[in-house]
Structure formats: C-alpha cells, structure tokens
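Participant: So here's upload.pdb (PDB, C-alpha atoms and all ligand atoms).
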```
MODEL        1
ATOM      1  CA  MET A 252     -34.346   4.038  -2.247  1.00  0.00           C
ATOM      2  CA  ILE A 253     -33.636   7.774  -1.801  1.00  0.00           C
ATOM      3  CA  LEU A 254     -29.975   8.515  -1.189  1.00  0.00           C
ATOM      4  CA  THR A 255     -28.989  11.172   1.333  1.00  0.00           C
ATOM      5  CA  GLU A 256     -25.774  12.136   3.110  1.00  0.00           C
ATOM      6  CA  GLU A 257     -26.808   9.726   5.894  1.00  0.00           C
ATOM      7  CA  THR A 258     -27.772   6.732   3.734  1.00  0.00           C
ATOM      8  CA  TYR A 259     -25.256   7.070   0.883  1.00  0.00           C
ATOM      9  CA  TYR A 260     -22.629   4.743   2.378  1.00  0.00           C
ATOM     10  CA  SER A 261     -25.105   2.307   3.989  1.00  0.00           C
ATOM     11  CA  ARG A 262     -25.121  -1.380   3.167  1.00  0.00           C
ATOM     12  CA  GLU A 263     -28.688  -0.956   1.916  1.00  0.00           C
ATOM     13  CA  ALA A 264     -27.484   1.650  -0.599  1.00  0.00           C
ATOM     14  CA  ASP A 265     -24.539  -0.516  -1.638  1.00  0.00           C
ATOM     15  CA  THR A 266     -26.932  -3.414  -2.168  1.00  0.00           C
ATOM     16  CA  ALA A 267     -29.309  -1.331  -4.275  1.00  0.00           C
ATOM     17  CA  PHE A 268     -26.688   0.529  -6.317  1.00  0.00           C
ATOM     18  CA  PHE A 269     -23.352  -0.030  -7.998  1.00  0.00           C
ATOM     19  CA  SER A 270     -20.715   2.634  -7.384  1.00  0.00           C
ATOM     20  CA  VAL A 271     -17.221   3.188  -8.723  1.00  0.00           C
ATOM     21  CA  SER A 272     -15.678   1.847  -5.518  1.00  0.00           C
ATOM     22  CA  GLN A 273     -17.923  -1.235  -5.611  1.00  0.00           C
ATOM     23  CA  TYR A 274     -17.091  -1.811  -9.274  1.00  0.00           C
ATOM     24  CA  LYS A 275     -13.372  -1.589  -8.479  1.00  0.00           C
ATOM     25  CA  SER A 276     -13.920  -3.903  -5.520  1.00  0.00           C
ATOM     26  CA  PHE A 277     -15.534  -6.485  -7.863  1.00  0.00           C
ATOM     27  CA  CYS A 278     -12.482  -6.140 -10.142  1.00  0.00           C
ATOM     28  CA  ARG A 279     -10.147  -6.858  -7.208  1.00  0.00           C
ATOM     29  CA  CYS A 280     -12.081  -9.632  -5.471  1.00  0.00           C
ATOM     30  CA  PRO A 281     -15.737 -10.547  -6.109  1.00  0.00           C
ATOM     31  CA  ALA A 282     -15.874 -12.846  -3.046  1.00  0.00           C
ATOM     32  CA  ALA A 283     -14.711 -10.113  -0.663  1.00  0.00           C
ATOM     33  CA  THR A 284     -17.140  -7.645  -2.254  1.00  0.00           C
ATOM     34  CA  MET A 285     -20.087  -9.990  -1.744  1.00  0.00           C
ATOM     35  CA  ALA A 286     -19.006 -10.719   1.843  1.00  0.00           C
ATOM     36  CA  ARG A 287     -19.069  -6.972   2.520  1.00  0.00           C
ATOM     37  CA  LEU A 288     -22.537  -6.703   0.990  1.00  0.00           C
ATOM     38  CA  ARG A 289     -23.737  -9.520   3.243  1.00  0.00           C
ATOM     39  CA  GLY A 290     -22.258  -7.721   6.231  1.00  0.00           C
ATOM     40  CA  GLU A 291     -19.815 -10.552   6.933  1.00  0.00           C
ATOM     41  CA  TYR A 292     -16.605  -8.707   6.272  1.00  0.00           C
ATOM     42  CA  GLU A 293     -15.350  -5.174   6.836  1.00  0.00           C
ATOM     43  CA  PRO A 294     -11.832  -4.394   5.674  1.00  0.00           C
ATOM     44  CA  PRO A 295      -9.808  -2.350   8.163  1.00  0.00           C
ATOM     45  CA  THR A 296      -9.356   1.322   7.229  1.00  0.00           C
ATOM     46  CA  ASN A 297      -5.735   2.243   6.755  1.00  0.00           C
ATOM     47  CA  THR A 298      -4.072   5.512   7.724  1.00  0.00           C
ATOM     48  CA  ALA A 299      -3.427   6.627   4.126  1.00  0.00           C
ATOM     49  CA  PHE A 300      -7.172   6.338   3.459  1.00  0.00           C
ATOM     50  CA  LEU A 301      -7.951   8.366   6.584  1.00  0.00           C
ATOM     51  CA  VAL A 302      -5.499  11.119   5.592  1.00  0.00           C
ATOM     52  CA  GLY A 303      -7.326  11.413   2.256  1.00  0.00           C
ATOM     53  CA  GLY A 304     -10.618  11.482   4.162  1.00  0.00           C
ATOM     54  CA  TYR A 305      -9.350  14.261   6.453  1.00  0.00           C
ATOM     55  CA  PHE A 306      -8.296  16.323   3.434  1.00  0.00           C
ATOM     56  CA  ASP A 307     -11.632  15.709   1.655  1.00  0.00           C
ATOM     57  CA  ALA A 308     -13.578  16.584   4.807  1.00  0.00           C
ATOM     58  CA  TYR A 309     -12.006  20.033   4.962  1.00  0.00           C
ATOM     59  CA  PHE A 310     -13.147  20.783   1.405  1.00  0.00           C
ATOM     60  CA  ASP A 311     -16.707  19.577   1.851  1.00  0.00           C
ATOM     61  CA  GLY A 312     -17.047  21.408   5.155  1.00  0.00           C
ATOM     62  CA  SER A 313     -17.340  18.309   7.356  1.00  0.00           C
ATOM     63  CA  LEU A 314     -13.945  18.370   9.073  1.00  0.00           C
ATOM     64  CA  GLU A 315     -15.348  18.836  12.593  1.00  0.00           C
ATOM     65  CA  ARG A 316     -17.640  15.828  12.116  1.00  0.00           C
ATOM     66  CA  PHE A 317     -14.752  13.827  10.658  1.00  0.00           C
ATOM     67  CA  LYS A 318     -12.626  14.600  13.722  1.00  0.00           C
ATOM     68  CA  ALA A 319     -15.457  13.545  16.036  1.00  0.00           C
ATOM     69  CA  GLU A 320     -16.015  10.286  14.143  1.00  0.00           C
ATOM     70  CA  HIS A 321     -12.318   9.395  13.989  1.00  0.00           C
ATOM     71  CA  PRO A 322     -10.748   9.754  17.436  1.00  0.00           C
ATOM     72  CA  GLU A 323      -7.925   7.503  16.171  1.00  0.00           C
ATOM     73  CA  ILE A 324      -6.380  10.511  14.391  1.00  0.00           C
ATOM     74  CA  LEU A 325      -5.276  11.859  17.785  1.00  0.00           C
ATOM     75  CA  VAL A 326      -2.229  10.846  19.810  1.00  0.00           C
ATOM     76  CA  THR A 327      -3.476   8.828  22.803  1.00  0.00           C
ATOM     77  CA  ARG A 328      -0.499   8.953  25.147  1.00  0.00           C
ATOM     78  CA  GLY A 329       2.704  10.773  26.002  1.00  0.00           C
ATOM     79  CA  GLU A 330       3.516  14.471  25.850  1.00  0.00           C
ATOM     80  CA  ARG A 331       1.556  15.026  22.648  1.00  0.00           C
ATOM     81  CA  LYS A 332      -1.624  13.356  23.933  1.00  0.00           C
ATOM     82  CA  GLY A 333      -4.699  14.896  22.293  1.00  0.00           C
ATOM     83  CA  GLU A 334      -2.755  16.408  19.384  1.00  0.00           C
ATOM     84  CA  LEU A 335      -3.108  15.279  15.789  1.00  0.00           C
ATOM     85  CA  LYS A 336      -0.902  12.350  14.762  1.00  0.00           C
ATOM     86  CA  SER A 337       1.903  13.344  12.379  1.00  0.00           C
ATOM     87  CA  GLU A 338       0.098  12.058   9.241  1.00  0.00           C
ATOM     88  CA  PHE A 339      -2.832  14.351   9.976  1.00  0.00           C
ATOM     89  CA  ARG A 340      -0.596  17.309  10.787  1.00  0.00           C
ATOM     90  CA  GLN A 341       0.745  16.685   7.280  1.00  0.00           C
ATOM     91  CA  ALA A 342      -2.869  16.772   6.015  1.00  0.00           C
ATOM     92  CA  GLU A 343      -3.176  20.209   7.674  1.00  0.00           C
ATOM     93  CA  VAL A 344      -0.073  21.359   5.752  1.00  0.00           C
ATOM     94  CA  MET A 345      -1.681  20.087   2.526  1.00  0.00           C
ATOM     95  CA  ILE A 346      -4.939  21.908   3.270  1.00  0.00           C
ATOM     96  CA  GLU A 347      -3.116  25.191   3.949  1.00  0.00           C
ATOM     97  CA  ARG A 348      -1.144  24.805   0.722  1.00  0.00           C
ATOM     98  CA  ALA A 349      -4.289  24.069  -1.315  1.00  0.00           C
ATOM     99  CA  LYS A 350      -6.210  26.966   0.283  1.00  0.00           C
ATOM    100  CA  SER A 351      -3.505  29.383  -0.829  1.00  0.00           C
ATOM    101  CA  ASP A 352      -3.848  28.426  -4.503  1.00  0.00           C
ATOM    102  CA  LYS A 353      -6.481  30.341  -6.469  1.00  0.00           C
ATOM    103  CA  LEU A 354      -6.781  27.888  -9.372  1.00  0.00           C
ATOM    104  CA  PHE A 355      -7.028  24.840  -7.094  1.00  0.00           C
ATOM    105  CA  MET A 356      -9.746  26.535  -5.046  1.00  0.00           C
ATOM    106  CA  LYS A 357     -11.594  27.595  -8.184  1.00  0.00           C
ATOM    107  CA  PHE A 358     -11.809  23.971  -9.283  1.00  0.00           C
ATOM    108  CA  MET A 359     -13.055  23.066  -5.811  1.00  0.00           C
ATOM    109  CA  SER A 360     -15.644  25.844  -5.721  1.00  0.00           C
ATOM    110  CA  GLY A 361     -18.564  23.904  -7.236  1.00  0.00           C
ATOM    111  CA  GLU A 362     -21.472  22.224  -5.456  1.00  0.00           C
ATOM    112  CA  LYS A 363     -19.961  19.824  -2.896  1.00  0.00           C
ATOM    113  CA  GLN A 364     -20.739  16.116  -2.518  1.00  0.00           C
ATOM    114  CA  LYS A 365     -23.557  16.185  -5.043  1.00  0.00           C
ATOM    115  CA  ILE A 366     -25.304  12.812  -5.113  1.00  0.00           C
ATOM    116  CA  LEU A 367     -26.511  11.534  -8.483  1.00  0.00           C
ATOM    117  CA  THR A 368     -27.988   8.219  -9.593  1.00  0.00           C
ATOM    118  CA  ALA A 369     -28.664   6.688 -13.004  1.00  0.00           C
ATOM    119  CA  ASP A 370     -29.293   3.368 -14.701  1.00  0.00           C
ATOM    120  CA  LEU A 371     -26.206   2.316 -16.609  1.00  0.00           C
ATOM    121  CA  PHE A 372     -25.219  -0.970 -18.272  1.00  0.00           C
ATOM    122  CA  GLY A 373     -28.215  -2.793 -16.804  1.00  0.00           C
ATOM    123  CA  ALA A 374     -27.889  -1.680 -13.186  1.00  0.00           C
ATOM    124  CA  PRO A 375     -28.623   1.340 -10.969  1.00  0.00           C
ATOM    125  CA  TRP A 376     -25.523   3.380 -10.054  1.00  0.00           C
ATOM    126  CA  LYS A 377     -24.840   6.050  -7.445  1.00  0.00           C
ATOM    127  CA  CYS A 378     -22.083   8.612  -7.287  1.00  0.00           C
ATOM    128  CA  LYS A 379     -21.072  11.532  -5.126  1.00  0.00           C
ATOM    129  CA  LEU A 380     -19.262  14.401  -6.815  1.00  0.00           C
ATOM    130  CA  ASP A 381     -16.601  16.305  -4.842  1.00  0.00           C
ATOM    131  CA  SER A 382     -17.146  19.520  -6.809  1.00  0.00           C
ATOM    132  CA  PHE A 383     -19.846  19.915  -9.439  1.00  0.00           C
ATOM    133  CA  SER A 384     -20.023  23.106 -11.522  1.00  0.00           C
ATOM    134  CA  GLU A 385     -23.121  22.902 -13.675  1.00  0.00           C
ATOM    135  CA  GLY A 386     -22.374  23.652 -17.313  1.00  0.00           C
ATOM    136  CA  ILE A 387     -18.620  23.815 -16.561  1.00  0.00           C
ATOM    137  CA  CYS A 388     -16.985  20.688 -15.118  1.00  0.00           C
ATOM    138  CA  ILE A 389     -16.797  17.903 -12.565  1.00  0.00           C
ATOM    139  CA  THR A 390     -13.729  17.895 -10.292  1.00  0.00           C
ATOM    140  CA  ASP A 391     -12.590  15.134  -7.972  1.00  0.00           C
ATOM    141  CA  LEU A 392     -10.209  15.864  -5.151  1.00  0.00           C
ATOM    142  CA  LYS A 393      -7.219  13.511  -4.823  1.00  0.00           C
ATOM    143  CA  THR A 394      -4.365  13.077  -2.433  1.00  0.00           C
ATOM    144  CA  CYS A 395      -1.411  11.071  -3.729  1.00  0.00           C
ATOM    145  CA  GLN A 396       2.141  10.120  -2.732  1.00  0.00           C
ATOM    146  CA  SER A 397       3.395  11.854  -5.887  1.00  0.00           C
ATOM    147  CA  PHE A 398       1.742  12.790  -9.186  1.00  0.00           C
ATOM    148  CA  GLY A 399       3.403   9.786 -10.855  1.00  0.00           C
ATOM    149  CA  THR A 400       1.415   7.358  -8.671  1.00  0.00           C
ATOM    150  CA  ILE A 401      -1.981   8.671  -9.875  1.00  0.00           C
ATOM    151  CA  PRO A 402      -2.541   6.354 -12.896  1.00  0.00           C
ATOM    152  CA  ARG A 403      -2.352   3.193 -10.772  1.00  0.00           C
ATOM    153  CA  TYR A 404      -5.593   4.154  -9.002  1.00  0.00           C
ATOM    154  CA  ARG A 405      -7.612   4.102 -12.229  1.00  0.00           C
ATOM    155  CA  TYR A 406      -9.387   7.420 -11.713  1.00  0.00           C
ATOM    156  CA  ASP A 407     -10.246   7.187 -15.419  1.00  0.00           C
ATOM    157  CA  ILE A 408     -12.957   4.700 -14.415  1.00  0.00           C
ATOM    158  CA  GLN A 409     -14.284   7.143 -11.838  1.00  0.00           C
ATOM    159  CA  GLY A 410     -14.248   9.998 -14.351  1.00  0.00           C
ATOM    160  CA  ALA A 411     -15.988   7.917 -16.989  1.00  0.00           C
ATOM    161  CA  ILE A 412     -18.803   6.880 -14.648  1.00  0.00           C
ATOM    162  CA  TYR A 413     -19.255  10.334 -13.083  1.00  0.00           C
ATOM    163  CA  GLN A 414     -19.344  11.985 -16.498  1.00  0.00           C
ATOM    164  CA  LYS A 415     -21.843   9.440 -17.826  1.00  0.00           C
ATOM    165  CA  ILE A 416     -24.140   9.640 -14.801  1.00  0.00           C
ATOM    166  CA  ALA A 417     -24.153  13.464 -14.991  1.00  0.00           C
ATOM    167  CA  GLU A 418     -24.942  13.223 -18.690  1.00  0.00           C
ATOM    168  CA  LEU A 419     -27.828  10.811 -18.014  1.00  0.00           C
ATOM    169  CA  ASN A 420     -29.156  13.364 -15.498  1.00  0.00           C
ATOM    170  CA  GLY A 421     -29.368  15.980 -18.225  1.00  0.00           C
ATOM    171  CA  TYR A 422     -26.204  17.955 -17.428  1.00  0.00           C
ATOM    172  CA  GLY A 423     -24.508  17.283 -20.783  1.00  0.00           C
ATOM    173  CA  ARG A 424     -21.033  15.846 -21.191  1.00  0.00           C
ATOM    174  CA  LEU A 425     -18.926  17.776 -18.694  1.00  0.00           C
ATOM    175  CA  PRO A 426     -15.113  17.764 -18.649  1.00  0.00           C
ATOM    176  CA  PHE A 427     -13.647  15.736 -15.771  1.00  0.00           C
ATOM    177  CA  TYR A 428     -10.714  17.015 -13.723  1.00  0.00           C
ATOM    178  CA  LEU A 429      -8.611  15.733 -10.854  1.00  0.00           C
ATOM    179  CA  ALA A 430      -7.519  18.350  -8.329  1.00  0.00           C
ATOM    180  CA  ALA A 431      -4.460  16.592  -6.895  1.00  0.00           C
ATOM    181  CA  CYS A 432      -2.352  17.399  -3.856  1.00  0.00           C
ATOM    182  CA  THR A 433       0.710  15.311  -2.984  1.00  0.00           C
ATOM    183  CA  LYS A 434       1.514  14.074   0.506  1.00  0.00           C
ATOM    184  CA  GLU A 435       5.142  15.119   0.098  1.00  0.00           C
ATOM    185  CA  THR A 436       6.744  17.200   2.877  1.00  0.00           C
ATOM    186  CA  VAL A 437       6.247  20.186   0.599  1.00  0.00           C
ATOM    187  CA  PRO A 438       2.899  19.350  -1.067  1.00  0.00           C
ATOM    188  CA  GLY A 439       2.588  19.744  -4.826  1.00  0.00           C
ATOM    189  CA  LEU A 440      -0.653  20.913  -6.428  1.00  0.00           C
ATOM    190  CA  ARG A 441      -1.814  20.130  -9.929  1.00  0.00           C
ATOM    191  CA  ILE A 442      -5.066  20.005 -11.906  1.00  0.00           C
ATOM    192  CA  PHE A 443      -5.256  17.122 -14.389  1.00  0.00           C
ATOM    193  CA  GLN A 444      -7.790  17.124 -17.180  1.00  0.00           C
ATOM    194  CA  MET A 445      -8.865  13.618 -18.153  1.00  0.00           C
ATOM    195  CA  PRO A 446      -9.211  13.483 -21.969  1.00  0.00           C
ATOM    196  CA  ASN A 447     -12.560  12.192 -23.248  1.00  0.00           C
ATOM    197  CA  GLU A 448     -10.766   9.478 -25.278  1.00  0.00           C
ATOM    198  CA  VAL A 449      -9.368   8.068 -22.025  1.00  0.00           C
ATOM    199  CA  LEU A 450     -12.825   8.231 -20.406  1.00  0.00           C
ATOM    200  CA  ASP A 451     -14.457   6.534 -23.419  1.00  0.00           C
ATOM    201  CA  LEU A 452     -11.993   3.662 -23.192  1.00  0.00           C
ATOM    202  CA  ALA A 453     -12.584   3.280 -19.448  1.00  0.00           C
ATOM    203  CA  LEU A 454     -16.357   3.340 -19.915  1.00  0.00           C
ATOM    204  CA  SER A 455     -16.266   0.559 -22.509  1.00  0.00           C
ATOM    205  CA  GLU A 456     -14.114  -1.489 -20.115  1.00  0.00           C
ATOM    206  CA  VAL A 457     -16.778  -1.065 -17.417  1.00  0.00           C
ATOM    207  CA  GLU A 458     -19.517  -1.979 -19.880  1.00  0.00           C
ATOM    208  CA  SER A 459     -17.797  -5.241 -20.809  1.00  0.00           C
ATOM    209  CA  ASN A 460     -17.354  -6.273 -17.149  1.00  0.00           C
ATOM    210  CA  MET A 461     -20.822  -5.349 -15.921  1.00  0.00           C
ATOM    211  CA  PRO A 462     -22.851  -8.384 -17.079  1.00  0.00           C
ATOM    212  CA  LEU A 463     -20.649 -10.674 -14.960  1.00  0.00           C
ATOM    213  CA  PHE A 464     -20.613  -8.334 -11.935  1.00  0.00           C
ATOM    214  CA  ILE A 465     -24.406  -7.918 -12.068  1.00  0.00           C
ATOM    215  CA  ALA A 466     -24.838 -11.702 -12.228  1.00  0.00           C
ATOM    216  CA  MET A 467     -22.496 -12.125  -9.238  1.00  0.00           C
ATOM    217  CA  LYS A 468     -24.307  -9.438  -7.253  1.00  0.00           C
ATOM    218  CA  ASN A 469     -27.628 -11.149  -8.022  1.00  0.00           C
ATOM    219  CA  GLY A 470     -26.211 -14.493  -6.906  1.00  0.00           C
ATOM    220  CA  GLU A 471     -26.594 -16.008 -10.383  1.00  0.00           C
ATOM    221  CA  GLU A 472     -22.840 -16.453 -10.809  1.00  0.00           C
ATOM    222  CA  GLU A 473     -20.382 -17.566  -8.180  1.00  0.00           C
ATOM    223  CA  ALA A 474     -18.368 -14.662  -6.758  1.00  0.00           C
ATOM    224  CA  THR A 475     -14.822 -15.844  -7.392  1.00  0.00           C
ATOM    225  CA  HIS A 476     -12.001 -15.509  -4.862  1.00  0.00           C
ATOM    226  CA  CYS A 477      -8.901 -13.549  -5.851  1.00  0.00           C
ATOM    227  CA  GLY A 478      -6.971 -15.796  -3.472  1.00  0.00           C
ATOM    228  CA  SER A 479      -4.645 -13.103  -2.203  1.00  0.00           C
ATOM    229  CA  CYS A 480      -6.655 -10.397  -0.394  1.00  0.00           C
ATOM    230  CA  ASP A 481      -7.133 -10.332   3.395  1.00  0.00           C
ATOM    231  CA  TYR A 482     -10.659 -11.726   3.078  1.00  0.00           C
ATOM    232  CA  CYS A 483      -9.519 -14.682   0.950  1.00  0.00           C
ATOM    233  CA  LYS A 484      -6.528 -15.371   3.180  1.00  0.00           C
ATOM    234  CA  SER A 485      -8.736 -15.358   6.264  1.00  0.00           C
ATOM    235  CA  THR A 486     -11.442 -17.644   4.857  1.00  0.00           C
ATOM    236  CA  GLN A 487      -9.793 -20.069   2.446  1.00  0.00           C
ATOM    237  CA  ASP A 488      -8.291 -23.393   3.501  1.00  0.00           C
ATOM    238  CA  ALA A 489      -4.662 -24.210   2.764  1.00  0.00           C
ATOM    239  CA  GLU A 490      -4.036 -25.904  -0.569  1.00  0.00           C
ATOM    240  CA  ILE A 491      -1.124 -27.860  -1.993  1.00  0.00           C
ATOM    241  CA  HIS A 492       0.772 -25.938  -4.641  1.00  0.00           C
ATOM    242  CA  SER A 493       3.898 -26.684  -6.652  1.00  0.00           C
ATOM    243  CA  TYR A 494       7.016 -24.920  -5.502  1.00  0.00           C
ATOM    244  CA  LEU A 495       7.665 -24.116  -9.167  1.00  0.00           C
ATOM    245  CA  GLU A 496       4.790 -21.597  -9.027  1.00  0.00           C
ATOM    246  CA  LEU A 497       7.002 -19.408  -6.867  1.00  0.00           C
ATOM    247  CA  LEU A 498       9.769 -19.429  -9.447  1.00  0.00           C
ATOM    248  CA  ALA A 499       7.566 -18.465 -12.403  1.00  0.00           C
TER     249      ALA A 499
HETATM  250 ZN    ZN A 501      -9.902 -11.988  -2.368  1.00  0.00          ZN
ENDMDL
END
```
Can the structure from this file be put into structure tokens for me?

Facilitator:
Amino acid sequence: MILTEETYYSREADTAFFSVSQYKSFCRCPAATMARLRGEYEPPTNTAFLVGGYFDAYFDGSLERFKAEHPEILVTRGERKGELKSEFRQAEVMIERAKSDKLFMKFMSGEKQKILTADLFGAPWKCKLDSFSEGICITDLKTCQSFGTIPRYRYDIQGAIYQKIAELNGYGRLPFYLAACTKETVPGLRIFQMPNEVLDLALSEVESNMPLFIAMKNGEEEATHCGSCDYCKSTQDAEIHSYLELLA
C-alpha cells in the first residue's frame, strides 16, 4: 500500500502498518487497539488533543482545512457564536509566541509531514515527521501543560522509531528534537534534544514488545483487555472482586 496524506490515517493503513501511536495503543490496551482496527470502536477525541492538532496544523500549513474539518472548535451559541472557543484562542496565542522565536522556527523549518515507511522488528512501520531536515535533524512539535509533564508521554519511543526509520531509508542517524510549547497563559518555548542513549533504550523496549504485538495483530495471540479503559468498561461484564483490592 502506498501512503499519502489522504490514506495515512486510514484503517487500511493502520492494518498494514505499525505506527508509534498504534504501538503505544497496544501498550495501553491490546483489546481496544484491535477493536479500532476492526472498525468496532472509535475513542472520542478530547479537547486537549484538538488544541495540539490546531497548533500542529498551523505549522504544516493545513490550518484552514483543520478549521473546516473541526467545526466543534467554534462557539455555537450566545454572543460569541462563530468565534473560536477559549482553548483554541489560547492555541492562537501559542502560535504567535512560537512564530516570534527564531530558534523555534528554525527547528520547524524542515520538510513538513514527511511520510516514511520501513520494516522493523518483523513488521512494516509508517511514520510522519513534523519537520525533517535532511542531513541535520528530525524535529517533532509538541504542546504540553508544562515542560515537566513531557516525560510521561514517552516521546522517547517516538524519537527512537522515527530515527530508526529515517536511518533505514538511508538518511543516516539523525539527532531527534522536540520543539515544545506550553499551554500556559504565557506560553513557554523550549527545544529538547533527546540523547541517543535514551533513544537506544526506548528502541530495545519496543523490540522486546513487538513479537507479542505482532502476534496479537495477526490474531495468533488473544488481545488482552486492560480492564480500565473506556472500551473495556463499555464491553466487559461485571465481575466479583474482593473489597480488599481497593485497599491495596
Ligand atoms: Zn482496555
């Protein structure tokens, strides 16, 4: 399958390829991941995710399309009807702040949304790079509540996979950066370089999990339920548990 801007996020593409988000989804809940692949479950998009999407869309030049595809970002009633909801006005503040910073914009000046694929750990993978500067670096754009919250999102896994896929495509081992902008009232900007030691560790973690995830995706292993996500809660029957579990 040939991946394009139009087909990249399709269910067909997700079935044919692993991606960082699919890998992370398998880590969280294999059952929910497989239900999505079968087209039986679609998690609701939350506002925080949409704010990130709005910010990203400005940088890859697709903001007008994003606005057209997401009418829910506008106020639907009252005096402010038709205006951007407050979260997205905040995204506008973030964009203006980022635009005014030379270094931030330099990191975001590479080729946008470059799609790459490669075979890795026994499966085909796809990735889409926010900013790719051949021979220089790969940069991923991030919005965050504060810089301190960044590690919990495991962008080291993303960096490791992006770097490896670029390397397998003949681009060499490029440094991986996060261009981060906080959602604080006064947005903070910072560029984080992800050390190769951190990426190596993340890549070996992915490698050790892949045989199981491939087997689950192929239907050779049962896709286990995490038991606590919205998909599991909505599909699993009630069970008897000991009250002591709650005290542990
Ligand atoms: Zn689950």

Participant: Grab the CA of Pro294 in chain A to CA of His476 in chain A distance for me, in Å with one decimal place.

Facilitator: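 It comes out at 15.3 Å.
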
Participant: For Phe277 in chain A, work out the shell of residues within 10 Å, counting only C-alpha atoms and skipping chain neighbours fewer than 4 positions away, then give it as a list in words.

Facilitator: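 Residues near the query, excluding close chain neighbours: Val271, Ser272, Gln273, Pro281, Ala282, Ala283, Thr284, Met285, Asn460, Met461, Leu463, Phe464, Ile465, Met467, Lys468, Ala474, Thr475 and Cys477 of chain A.
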
Participant: Restricted to C-alpha atoms, what would the selected residues look like written as a tab-separated table (two decimals), keeping the file's coordinate frame?

Facilitator:
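So result.tsv came out as:
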```tsv
chain	number	residue	atom	x	y	z
A	271	VAL	CA	-17.22	3.19	-8.72
A	272	SER	CA	-15.68	1.85	-5.52
A	273	GLN	CA	-17.92	-1.24	-5.61
A	281	PRO	CA	-15.74	-10.55	-6.11
A	282	ALA	CA	-15.87	-12.85	-3.05
A	283	ALA	CA	-14.71	-10.11	-0.66
A	284	THR	CA	-17.14	-7.64	-2.25
A	285	MET	CA	-20.09	-9.99	-1.74
A	460	ASN	CA	-17.35	-6.27	-17.15
A	461	MET	CA	-20.82	-5.35	-15.92
A	463	LEU	CA	-20.65	-10.67	-14.96
A	464	PHE	CA	-20.61	-8.33	-11.94
A	465	ILE	CA	-24.41	-7.92	-12.07
A	467	MET	CA	-22.50	-12.12	-9.24
A	468	LYS	CA	-24.31	-9.44	-7.25
A	474	ALA	CA	-18.37	-14.66	-6.76
A	475	THR	CA	-14.82	-15.84	-7.39
A	477	CYS	CA	-8.90	-13.55	-5.85
```

Participant: What's the 12 Å shell around Tyr309 in chain A, counting only C-alpha atoms, without same-chain residues fewer than 4 positions away, as an MDAnalysis selection string?

Facilitator: chainID A and resid 302:305 313:318 339 342:343 345:347 349:350 359 363 381 392

Participant: What does the structure give for the distance between CA of Tyr422 in chain A and CA of Ile253 in chain A, in Å to one decimal?

Facilitator: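 Value for the CA of Tyr422 in chain A-CA of Ile253 in chain A distance: 20.1 Å.
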
Participant: Enter the distance from CA of Asn447 in chain A to CA of Cys278 in chain A, in Å, rounded to one decimal.

Facilitator: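 Here the two named atoms are 22.5 Å from each other.
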
Participant: Go through A:Asn469, A:Glu330, A:Thr394, A:Ala453 and flag the residue nearest Thr266 in chain A, using all atoms listed in the file for the distances.

Facilitator: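 Looking only at the distances to Thr266 in chain A, the closest residue turns out to be A:Asn469.
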
Participant: Nearest to Gln409 in chain A: which of A:Phe268, A:Phe427, A:Tyr259, A:Phe300 is it, counting all atoms listed in the file?

Facilitator: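 Among A:Phe268, A:Phe427, A:Tyr259, A:Phe300, it is A:Phe427 that comes nearest to Gln409 in chain A.
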
Participant: Which residue, A:Tyr494, A:Phe398, A:Tyr428, A:Tyr482, has the smallest gap to ligand ZN 501 (chain A) when you use only C-alpha atoms and all ligand atoms?

Facilitator: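 Smallest distance to ligand ZN 501 (chain A) is found for A:Tyr482.
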
Participant: List the spatial neighbours of range 372-379 of chain A as a list in words - criterion: any atom at most 8 Å away, all atoms listed in the file, same-chain residues fewer than 5 positions off excluded.

Facilitator: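 Skipping anything fewer than 5 positions along the chain leaves Ala267, Phe268, Phe269, Ser270, Val271, Gln364, Lys365, Ile366, Leu367, Tyr413, Ile416, Glu458, Met461, Pro462 and Ile465 of chain A.
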
Participant: Could you check the closest approach to ligand ZN 501 (chain A) for each of A:Ser276, A:Thr255, A:Ser261, A:Thr327 and tell me which residue wins, using only C-alpha atoms and all ligand atoms?

Facilitator: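 The shortest atom-to-atom distance to ligand ZN 501 (chain A) comes from A:Ser276.
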
Participant: For Phe355 in chain A, which of A:Leu429, A:Ile412, A:Leu419, A:Ile401 is the closest residue, counting only C-alpha atoms?

Facilitator: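 Ranking A:Leu429, A:Ile412, A:Leu419, A:Ile401 by distance to Phe355 in chain A, first place goes to A:Leu429.
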
Participant: May I ask which of the residues A:Ala411, A:Arg279, A:Asp451, A:Phe306 is the closest one to ligand ZN 501 (chain A), counting all atoms listed in the file?

Facilitator: A:Arg279

Participant: Take every atom of range 334-342 of chain A listed in the file, fit an axis-aligned box around them, add 5 Å per side, and give the centre and edge lengths in Å to one decimal as lines of an AutoDock Vina configuration file.

Facilitator:
```
center_x = -0.6
center_y = 14.7
center_z = 12.7
size_x = 15.0
size_y = 15.3
size_z = 23.4
```

Participant: Would you write out, as number ranges by chain, every residue that the PyMOL selection byres (((chain A and resi 362) around 6) and not hetatm) captures in this file?

Facilitator: A: 361, 363, 382-383

Participant: Could you tell me which residues the PyMOL selection byres (((chain A and resi 486) around 12) and not hetatm) returns for this structure, as JSON, numbers by chain?

Facilitator: {"A": [282, 283, 286, 291, 292, 476, 477, 478, 479, 480, 481, 482, 483, 484, 485, 487, 488, 489]}

Participant: Excluding Lys336 in chain A and its own-chain neighbours fewer than 5 positions away, which residues fall within 9 Å of it when counting all atoms listed in the file? Please give them as a PyMOL selection string.

Facilitator: chain A and resi 323-326+331+341

Participant: On this structure, the PyMOL selection byres (((chain A and resi 439-443) around 6) and not hetatm) would catch which residues? List them as a VMD selection string, sorted by chain and number.

Facilitator: chain A and resid 428 to 433 438 444

Participant: Using all atoms listed in the file, which residues sit within 9 Å of Lys275 in chain A once same-chain residues fewer than 5 positions away are excluded, as an MDAnalysis selection string?

Facilitator: chainID A and resid 270 280 405 408

Participant: Output requested as a PDB file, keeping the file's coordinate frame - range 299-304 of chain A, filled out with N, CA and C atoms.

Facilitator:
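Wrote rebuild-v9.pdb, looks like this:
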```pdb
ATOM      1  N   ALA A 299      -3.495   5.845   5.363  1.00  0.00           N
ATOM      2  CA  ALA A 299      -3.427   6.627   4.126  1.00  0.00           C
ATOM      3  C   ALA A 299      -4.842   7.026   3.685  1.00  0.00           C
ATOM      4  N   PHE A 300      -5.779   6.088   3.821  1.00  0.00           N
ATOM      5  CA  PHE A 300      -7.172   6.338   3.459  1.00  0.00           C
ATOM      6  C   PHE A 300      -7.762   7.435   4.347  1.00  0.00           C
ATOM      7  N   LEU A 301      -7.429   7.372   5.636  1.00  0.00           N
ATOM      8  CA  LEU A 301      -7.951   8.366   6.584  1.00  0.00           C
ATOM      9  C   LEU A 301      -7.382   9.761   6.324  1.00  0.00           C
ATOM     10  N   VAL A 302      -6.109   9.822   5.907  1.00  0.00           N
ATOM     11  CA  VAL A 302      -5.499  11.119   5.592  1.00  0.00           C
ATOM     12  C   VAL A 302      -6.246  11.750   4.418  1.00  0.00           C
ATOM     13  N   GLY A 303      -6.545  10.936   3.396  1.00  0.00           N
ATOM     14  CA  GLY A 303      -7.326  11.413   2.256  1.00  0.00           C
ATOM     15  C   GLY A 303      -8.692  11.896   2.715  1.00  0.00           C
ATOM     16  N   GLY A 304      -9.298  11.138   3.639  1.00  0.00           N
ATOM     17  CA  GLY A 304     -10.618  11.482   4.162  1.00  0.00           C
ATOM     18  C   GLY A 304     -10.596  12.802   4.930  1.00  0.00           C
TER      19      GLY A 304
END
```
